[in-house]
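Peer 1: Have a look at this one before I ask anything.
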Amino acid sequence: RQQKWKSFVSTQAKMPPCDFLPEKYTSYPYERMQKIREQNISPSLRMYYKKPLLLHQGHMQWLFDYEGRRYLDLFAGIVTVSVGHCHPKVTMAAQKQLARLWHTTNIYMHPSLQEYAEKLTSLLPDPLKVVYLTNSGSEANDLAMFMARLYTRNFDIISFRGAYHGGSPYALGLTSIGLYKHGVANGFGCSTTMLPDVFRGPWGGSHCRDSPVQTVRKCSCSEGVCHANDQYIEQFKDTLNTSVPKTVAGFIAEPIQGVNGAVQYPRSFLKEAYQLVRERGGICISDEVQTGFGRTGSHFWGFQTHDVVPDIVTLAKGIGNGFPMAAVVTTKEIANSLAQNLHFNTFGGSPLACVVGAAVLDAIEEDGLQKNSEDVGTYMLLELAKLRDKFEVVGDVRGKGLMIGVEMVIDKDSRHPLPAEEINQIWEDCKDMGVLIGRGGLHSQTFRIKPPMCITKKDVDFAVEVFHTALQRHTERAA
């Protein structure tokens with residue numbers, strides 16, 4: 001079947017076999033779908049690729065388009081399909097609950113809410129044992145900001161430049177990527193601080209980050225010393241001394257930045273930053289929307305890789321494997337600050353969401369997906385690092401587990417982003433050869449690889465060979 005849909009770009013890579021056969025596509029023709037999109041769907045919802053994909057069905061790490069062509073999905077619906085498209089265990093749990101009870105709201109008890117709350121919080125360290133369920137990551141981060149301000153009685157919140165914490169009017173103040181900023185008032189009480197990016201930032205070296213692959217930058221730091229970290233902490237102190245009052249509400253950070261292209265910080269940065277914030281009366285929020293649920297491999301939560309315990313954790317995306325759900329987990333004391341008045345979420349913690357969330361946790365454990373993320377992710381990082389060493393335009397390979405970024409540059413010395421038209425062609429070539437990857441970074445210069453956590457080393461071999469072919473084609477075009 002795969003031979004029938006031979007790519008426009010030839011490659012020696014052979015797509016791993018898949019015994020799943022998609023159903024026959026029976027909806028509107030492609031051209032009509034395109035026309036409806038243009039006339040009836042908001043133009044702010046942009047699509048990928050020159051000829052956007054019309055996807056029809058999914059199975060684990062695979063997606064199928066309307067013509068039956070198969071793709072290896074390395075972006076997982078923007079880091080959301082955690083255990084696999086239409087995972088049978090999750091699908092079955094949802095189907096059973098659909099026939100039993102969809103919705104009650106939180107004015108009544110239903111079994112799945114209590115069962116899920118106990119199951120989820122058992123995976124978090126003390127004192128993070130109280131959960132408030134919402135529907136999206138933006139909602140969760142909104143609520144975390146609200147709680148931080150209520151609890152501390154302070155107002156200012158600090159985030160990193162390059163951060164993405166949501167697109168709602170409240171959370172947009174924490175998001176610090178120009179492409180997402182609209183020309184309306186937002187961000188009152190939100191301050192940004194320098195991103196401790198050891199590849200692109202002013203400081204960085206050869207063993208700063210918690211990754212199997214380090215930057216090509218060199219440093220002379222001795223064991224246990226990180227000059228780059230010290231410099232970035234000084235910048236953080238400068239923000240505290242100049243941009244915010246003496247007391248702050250909090251600090252929010254992703255353990256690894258997602259939208260900005262899997263950017264990692266020096267190993268001990270967050271630990272020192274948390275201490276500085278707490279000295280100012282603030283609380284620390286870990287945005288685990290992309291890094292949670294075993295994706296980093298070595299730990300279940302991204303914050304654990306930094307040896308910190310936050311005061312609030314926000315969860316979304318992979319929590320429901322594509323079902324719209326999210327959560328804020330915090331301490332009893334901080335949660336109590338929200339209970340002084342009414343705060344209500346109609347759909348948060350619905351019977352359906354809780355059953356799906358519980359099935360996702362079961363699938364992660366039963367399928368060994370955290371361990372798979374570590375093994376397959378490390379393998380992929382090391383294979384991609386070989387391409388970085390071979391091609392001048394591959395500036396940086398970074399990440400942990402199955403949260404990977406490949407930053408494209410004009411050359412490694414300047415680290416200037418590769419022009420968009422050149423990146424676009426590499427990206428299109430990968431798609432034509434059957435591999436879907438994401439984009440990120442301030443200039444969309446970083447390929448984001450964050451697949452369903454069920455992918456295999458054979459899938460990685462195929463994907464890396466496809467990427468290798470696309471890079472060779474780029475080299476030939478440049479010559």
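Ligands are numbered from 1 in the order shown, residues from 1 within each chain, and chains are lettered A, B, ... in the order they appear in the structure tokens.
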With only C-alpha atoms as the counted atoms, please give the residues lying no more than 12 Å from Asp197 of chain A, apart from itself and same-chain residues fewer than 2 positions off, as number ranges by chain.

Peer 2: A: 160-163, 193-195, 199-205, 208-209, 215, 228-229, 231-232, 256-257, 260-267, 269, 396, 398, 441

Peer 1: Go through segment 139-229 of chain A and flag each residue having an atom no more than 10 Å from segment 443-447 of chain A; for those, report the closest pair of atoms plus their distance in Å to one decimal, using only C-alpha atoms, ordered by chain and rising number, as CSV.

Peer 2:
residue,atom,partner,partner_atom,distance
A:Ile177,CA,A:His443,CA,9.8
A:Gly178,CA,A:His443,CA,9.9
A:Leu179,CA,A:His443,CA,9.2

Peer 1: Among segment 280-459 of chain A, which residues carry a DSSP assignment of helix (DSSP H, G or I), reported as a PyMOL selection string?

Peer 2: chain A and resi 302-306+317-319+332-338+351-366+369-390+420-432+457-459

Peer 1: Can you tell me, as a VMD selection string, what residues are no more than 7 Å from segment 347-358 of chain A when counting only C-alpha atoms, ignoring any on the same chain fewer than 5 positions away?

Peer 2: chain A and resid 90 93 to 94 97 to 98 101 to 105 110 112 to 113 116 133 to 135 319 to 320 325

Peer 1: Restricting the calculation to only C-alpha atoms: of A:Gly440, A:Pro16, A:Gly137, A:Gly294, which residue gets closest to Leu123 of chain A?

Peer 2: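 Closest to Leu123 of chain A of all the choices is A:Gly294.
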
Peer 1: Would you mind listing what lies within 8 Å of Leu436 of chain A as a ChimeraX atom specification, with only C-alpha atoms counted and same-chain residues fewer than 3 positions away left out?

Peer 2: /A:71-75,430-431

Peer 1: Name the residues in contact with Lys450 of chain A at a cut-off of 8 Å, using only C-alpha atoms, excluding same-chain residues fewer than 4 positions from it; report them as a PDB file with all heavy atoms, in the first residue's frame.

Peer 2:
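And here is the file that came out, result_0.pdb:
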ATOM      1  N   LEU A  74       5.584  13.030  14.301  1.00  0.00           N
ATOM      2  CA  LEU A  74       6.591  13.400  15.303  1.00  0.00           C
ATOM      3  C   LEU A  74       6.232  14.692  16.049  1.00  0.00           C
ATOM      4  O   LEU A  74       7.075  15.270  16.727  1.00  0.00           O
ATOM      5  CB  LEU A  74       7.966  13.561  14.639  1.00  0.00           C
ATOM      6  CG  LEU A  74       8.596  12.296  14.054  1.00  0.00           C
ATOM      7  CD1 LEU A  74      10.032  12.567  13.626  1.00  0.00           C
ATOM      8  CD2 LEU A  74       8.557  11.133  15.045  1.00  0.00           C
ATOM      9  N   PHE A  75       4.975  15.135  15.897  1.00  0.00           N
ATOM     10  CA  PHE A  75       4.574  16.352  16.610  1.00  0.00           C
ATOM     11  C   PHE A  75       3.364  16.130  17.517  1.00  0.00           C
ATOM     12  O   PHE A  75       3.076  16.954  18.379  1.00  0.00           O
ATOM     13  CB  PHE A  75       4.306  17.473  15.611  1.00  0.00           C
ATOM     14  CG  PHE A  75       4.402  18.857  16.194  1.00  0.00           C
ATOM     15  CD1 PHE A  75       5.219  19.123  17.285  1.00  0.00           C
ATOM     16  CD2 PHE A  75       3.667  19.901  15.654  1.00  0.00           C
ATOM     17  CE1 PHE A  75       5.314  20.407  17.831  1.00  0.00           C
ATOM     18  CE2 PHE A  75       3.752  21.183  16.185  1.00  0.00           C
ATOM     19  CZ  PHE A  75       4.568  21.443  17.272  1.00  0.00           C
ATOM     20  N   ALA A  76       2.666  15.022  17.324  1.00  0.00           N
ATOM     21  CA  ALA A  76       1.633  14.569  18.271  1.00  0.00           C
ATOM     22  C   ALA A  76       0.562  15.613  18.556  1.00  0.00           C
ATOM     23  O   ALA A  76       0.169  15.810  19.703  1.00  0.00           O
ATOM     24  CB  ALA A  76       2.297  14.114  19.582  1.00  0.00           C
ATOM     25  N   ILE A  78       0.709  18.861  18.416  1.00  0.00           N
ATOM     26  CA  ILE A  78       1.415  19.842  19.266  1.00  0.00           C
ATOM     27  C   ILE A  78       1.580  19.284  20.686  1.00  0.00           C
ATOM     28  O   ILE A  78       1.051  19.800  21.662  1.00  0.00           O
ATOM     29  CB  ILE A  78       0.758  21.233  19.271  1.00  0.00           C
ATOM     30  CG1 ILE A  78       0.385  21.667  17.840  1.00  0.00           C
ATOM     31  CG2 ILE A  78       1.718  22.259  19.880  1.00  0.00           C
ATOM     32  CD1 ILE A  78      -0.187  23.065  17.718  1.00  0.00           C
ATOM     33  N   VAL A  79       2.316  18.180  20.761  1.00  0.00           N
ATOM     34  CA  VAL A  79       2.750  17.583  22.039  1.00  0.00           C
ATOM     35  C   VAL A  79       1.559  17.173  22.909  1.00  0.00           C
ATOM     36  O   VAL A  79       1.614  17.282  24.125  1.00  0.00           O
ATOM     37  CB  VAL A  79       3.683  18.538  22.826  1.00  0.00           C
ATOM     38  CG1 VAL A  79       4.666  17.753  23.687  1.00  0.00           C
ATOM     39  CG2 VAL A  79       4.444  19.479  21.916  1.00  0.00           C
ATOM     40  N   LEU A 402      11.589  12.451  24.924  1.00  0.00           N
ATOM     41  CA  LEU A 402      10.964  12.727  23.631  1.00  0.00           C
ATOM     42  C   LEU A 402      10.469  14.165  23.545  1.00  0.00           C
ATOM     43  O   LEU A 402       9.379  14.450  23.051  1.00  0.00           O
ATOM     44  CB  LEU A 402       9.831  11.730  23.377  1.00  0.00           C
ATOM     45  CG  LEU A 402      10.316  10.308  23.039  1.00  0.00           C
ATOM     46  CD1 LEU A 402       9.163   9.330  22.985  1.00  0.00           C
ATOM     47  CD2 LEU A 402      11.127  10.288  21.743  1.00  0.00           C
ATOM     48  N   MET A 403      11.305  15.076  24.040  1.00  0.00           N
ATOM     49  CA  MET A 403      11.075  16.517  23.882  1.00  0.00           C
ATOM     50  C   MET A 403      12.353  17.093  23.295  1.00  0.00           C
ATOM     51  O   MET A 403      13.311  17.393  24.015  1.00  0.00           O
ATOM     52  CB  MET A 403      10.725  17.163  25.211  1.00  0.00           C
ATOM     53  CG  MET A 403      10.334  18.619  25.065  1.00  0.00           C
ATOM     54  SD  MET A 403       9.118  19.094  26.283  1.00  0.00           S
ATOM     55  CE  MET A 403       8.838  20.797  25.802  1.00  0.00           C
ATOM     56  N   ILE A 404      12.380  17.207  21.969  1.00  0.00           N
ATOM     57  CA  ILE A 404      13.626  17.448  21.239  1.00  0.00           C
ATOM     58  C   ILE A 404      13.500  18.672  20.340  1.00  0.00           C
ATOM     59  O   ILE A 404      12.460  18.895  19.718  1.00  0.00           O
ATOM     60  CB  ILE A 404      13.985  16.199  20.394  1.00  0.00           C
ATOM     61  CG1 ILE A 404      14.236  14.994  21.315  1.00  0.00           C
ATOM     62  CG2 ILE A 404      15.192  16.458  19.502  1.00  0.00           C
ATOM     63  CD1 ILE A 404      14.344  13.661  20.579  1.00  0.00           C
TER      64      ILE A 404
END

Peer 1: Would you list the contacts of Pro169 of chain A as a ChimeraX atom specification, taking every protein, DNA or RNA residue within 9 Å and counting only C-alpha atoms, but skipping same-chain residues closer than 6 positions in sequence?

Peer 2: /A:142,185-187

Peer 1: Could those selected residues go to a file with N, CA and C atoms, as a PDB file, in the first residue's frame?

Peer 2:
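Dumped to result.pdb:
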ATOM      1  N   ASP A 142      -4.025  30.583  33.607  1.00  0.00           N
ATOM      2  CA  ASP A 142      -4.844  31.686  34.120  1.00  0.00           C
ATOM      3  C   ASP A 142      -5.126  31.495  35.601  1.00  0.00           C
ATOM      4  N   ALA A 185      -4.203  45.833  25.097  1.00  0.00           N
ATOM      5  CA  ALA A 185      -3.593  45.845  26.432  1.00  0.00           C
ATOM      6  C   ALA A 185      -3.567  44.429  27.007  1.00  0.00           C
ATOM      7  N   ASN A 186      -2.399  43.996  27.448  1.00  0.00           N
ATOM      8  CA  ASN A 186      -2.268  42.726  28.165  1.00  0.00           C
ATOM      9  C   ASN A 186      -0.982  42.767  28.973  1.00  0.00           C
ATOM     10  N   GLY A 187      -0.889  41.910  29.930  1.00  0.00           N
ATOM     11  CA  GLY A 187       0.373  41.791  30.651  1.00  0.00           C
ATOM     12  C   GLY A 187       0.534  42.709  31.836  1.00  0.00           C
TER      13      GLY A 187
END
